[in-house]
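Heads up: the structure comes next, in structure tokens.
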Amino acid sequence: MRLFRKTNIDFLGVRKTMYLLSSLVILAGIISLLVKGVDYGIDFRGGTELVLSFNSKPDIAQVRQALGTIGLAQSEIKSFGRDEDLLIRTTEQGEGTVVGDRIKEAIRTTLPDLQFEVLKEDKIGPKIGEELRRDAMYAITASLLVILAYIAIRFTFIYGVGAVVALFHDVLVALGVISMLDGVIPGLNLEITQEVFAAFLTLVGISVNDTVVVFDRIRENLKIYRSMSLHEVINRSLNDTLSRTIITQGTVLLVLIILLFLGGEVTRGFAFTLTVGTIAGTYSSIYIASAIVLDWSLRKKKTT
């Protein structure tokens with residue numbers, strides 16, 4: 001099945017403009033990360049986290065006063081999906097469910113008219129949270145290095161560099177967008193949790209698959225169209241794989257968008273991260289990975 005036949009789009013003709021666009025998006029994300037940072041979930045911070053569903057919309061100020069009676073007024077309290085749901089997070093440590101029980105009892109005692117149901121209750125020790133953060137970073141770094149080695153062996157080293165730079169681009173764009181939009185859109189809680197790190201690893205796999213397909217077509221076309229310049233061969237290869245890219249990535253995006261809006265709060269961070277990353281990955285396979293291969297080859301040709 002092909003959506004487009006015999007397209008002749010000069011993708012690489014605007015690669016410098018696309019380099020600039022990517023740089024601006026990544027720079028905005030880095031500034032947001034430095035100024036605003038990201039909101040780590042309980043998995044990585046350690047402490048106690050509860051999600052409570054009330055019978056009516058609660059007043060956050062009153063809930064904070066209730067927690068103040070047990071010395072936890074500084075806890076993080078925010079809406080969680082629906083107006084009637086609250087997320088309460090504290091770094092307070094205690095044996096078993098002691099901290100969570102104290103929070104629930106304080107709300108029941110101080111605000112007897114507010115009935116609630118516990119949707120989720122988690123407790124993570126600070127040491128475990130630190131280990132999870134470290135292991136997650138190791139996992140992403142290791143995956144990028146393995147991909148670099150694989151593509152360098154299957155194609156050439158510069159193809160591996162182009163693919164890994166594109167993957168870094170995708171991860172940085174997704175992370176920057178999470179930082180910029182967290183807390184901006186009501187009901188969209190973009191915390192860095194284990195599910196979000198799983199989305200980053202999934203993104204690496206999806207993005208590199210698209211890049212490898214493009215590289216494979218470039219290698220084939222280099223043998224067939226020997227009279228063409230590298231610029232023309234890469235452009236032809238990108239046009240040859242355009243229909244496949246749109247069908248494959250479009251199908252993934254359709255599922256992710258449904259999951260984002262209908263999948264519930266638990267999977268929302270995963271779906272949002274993967275949605276942004278898939279869009280960035282489709283773009284980077286064309287305008288980053290392939291463009292780096294072209295520019296590197298042209299520069300190498302000039303120096304020899």
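Every chain in the structure tokens has a letter given in the order shown (A, B, ...), and although residue numbers restart at 1 in each chain, ligands are simply numbered from 1 in the order shown.
Using only C-alpha atoms, the residues found no farther than 6 Å from region 36-48 of chain A, other than those of its own chain fewer than 3 positions away, are Ser32, Leu33, Arg89, Thr90, Thr91, Glu92, Gln93, Asp122, Lys123, Ile124, Gly125, Pro126, Gly129, Arg133, Ser179, Glu191, Ile192 and Thr193 of chain A.
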Quick one: contact table of region 13-88 of chain A to region 266-289 of chain A, 9 Å max, nearest atom pair and distance in Å to one decimal per residue, counting only C-alpha atoms, chain and number order, as JSON lines?
{"residue": "A:Val14", "atom": "CA", "partner": "A:Tyr287", "partner_atom": "CA", "distance": 8.4}
{"residue": "A:Arg15", "atom": "CA", "partner": "A:Tyr287", "partner_atom": "CA", "distance": 5.8}
{"residue": "A:Lys16", "atom": "CA", "partner": "A:Tyr287", "partner_atom": "CA", "distance": 8.9}
{"residue": "A:Met18", "atom": "CA", "partner": "A:Tyr287", "partner_atom": "CA", "distance": 6.5}
{"residue": "A:Tyr19", "atom": "CA", "partner": "A:Ile288", "partner_atom": "CA", "distance": 7.3}
{"residue": "A:Ser22", "atom": "CA", "partner": "A:Ile288", "partner_atom": "CA", "distance": 8.8}
Exercise. Running DSSP on the backbone, which parts of region 19-209 of chain A land in alpha helix (DSSP H), as a ChimeraX atom specification?
Worked result: /A:19-35,42-45,60-68,98-110,126-154,157-181,194-209
Exercise. Near region 155-163 of chain A, within 10 Å and counting only C-alpha atoms, which residues show up once chain neighbours fewer than 6 positions away are dropped, as a PyMOL selection string?
Worked result: chain A and resi 144-149+169+207-212+215-216+219+284-285+288-294+296-297
For this session: Please provide the set of residues having any atom within 9 Å of Val63 (chain A), restricted to only C-alpha atoms, with same-chain residues fewer than 5 positions apart removed, written as a PyMOL selection string.
Result: chain A and resi 58+68+73+77+107+110-111
Next, write the just-selected residues to a file, as a compact mmCIF listing (two decimals), in the first residue's frame, keeping C-alpha atoms as the atom set.
# COMPACT_ATOMS: atom_id res chain seq x y z
CA PRO A 58 -12.10 19.76 47.51
CA GLY A 68 -0.79 21.07 58.83
CA ALA A 73 1.57 21.43 55.46
CA ILE A 77 -1.08 18.92 46.75
CA ILE A 107 -8.40 14.73 56.42
CA THR A 110 -10.47 17.92 60.12
CA LEU A 111 -12.83 17.79 57.12
For this session: Excluding Asn8 (chain A) and residues on its chain fewer than 3 positions from it, collect all residues at most 10 Å away from it, counting only C-alpha atoms, and give them as an MDAnalysis selection string.
Result: chainID A and resid 5 11 235:236 238:240
Export, as a compact mmCIF listing (two decimals), in the first residue's frame, the selected residues with N, CA and C atoms.
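Writing done, so here's selection03.txt:
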# COMPACT_ATOMS: atom_id res chain seq x y z
N ARG A 5 2.93 8.37 -4.75
CA ARG A 5 3.67 7.71 -5.81
C ARG A 5 4.57 8.73 -6.51
N PHE A 11 13.92 17.21 0.34
CA PHE A 11 13.98 17.28 1.80
C PHE A 11 15.26 17.94 2.28
N ASN A 235 17.86 12.09 -1.22
CA ASN A 235 16.53 12.64 -1.45
C ASN A 235 15.61 11.61 -2.09
N ARG A 236 16.14 10.87 -3.06
CA ARG A 236 15.33 9.83 -3.70
C ARG A 236 14.94 8.76 -2.69
N LEU A 238 14.60 9.07 0.55
CA LEU A 238 13.60 9.62 1.47
C LEU A 238 12.22 9.64 0.82
N ASN A 239 12.17 9.97 -0.47
CA ASN A 239 10.90 9.95 -1.19
C ASN A 239 10.39 8.53 -1.37
N ASP A 240 11.29 7.58 -1.58
CA ASP A 240 10.90 6.18 -1.74
C ASP A 240 10.26 5.62 -0.47
Problem set entry | DSSP-assigned strand (DSSP E) members of region 33-179 of chain A, reported as an NGL selection string | :A and (39-40 or 47-54 or 76-80 or 82-90 or 116-124)
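Taking CA of Thr245 (chain A) and CA of Val177 (chain A) as endpoints, the distance between them is 23.2 Å.
Between CA of Ile246 (chain A) and CA of Thr17 (chain A) the separation is 21.9 Å.
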Problem set entry | Atom pair CA of Gly176 (chain A) / CA of Thr202 (chain A): separation (Å) | 17.4 Å
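Nearest-residue note for Gln115 (chain A): choosing from A:Ile247, A:Leu298, A:Ile151, A:Leu52, the minimum distance belongs to A:Leu52, counting only C-alpha atoms.
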Problem set entry | From A:Ile30, A:Leu190, A:Ile234, A:Ile206, residue lying nearest Thr248 (chain A) [only C-alpha atoms] | A:Ile206
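Every protein, DNA or RNA residue with an atom at most 12 Å from Arg108 (chain A), where only C-alpha atoms count and chain neighbours fewer than 5 positions away do not, is listed here: A:Leu52, A:Phe54, A:Gln62, A:Val63, A:Ala66, A:Leu67, A:Thr69, A:Asp101, A:Arg102, A:Ile103, A:Asp113, A:Leu114, A:Gln115, A:Phe116, A:Glu117.
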Problem set entry | For Ile88 (chain A): contacts at 8 Å, only C-alpha atoms, fewer than 6 positions along chain excluded, given as JSON, numbers by chain | {"A": [49, 50, 51, 52, 75, 76, 77, 78]}
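Closest to Leu12 (chain A) among A:Thr303, A:Glu232, A:Ile257, A:Leu262 is A:Glu232, based on only C-alpha atoms.
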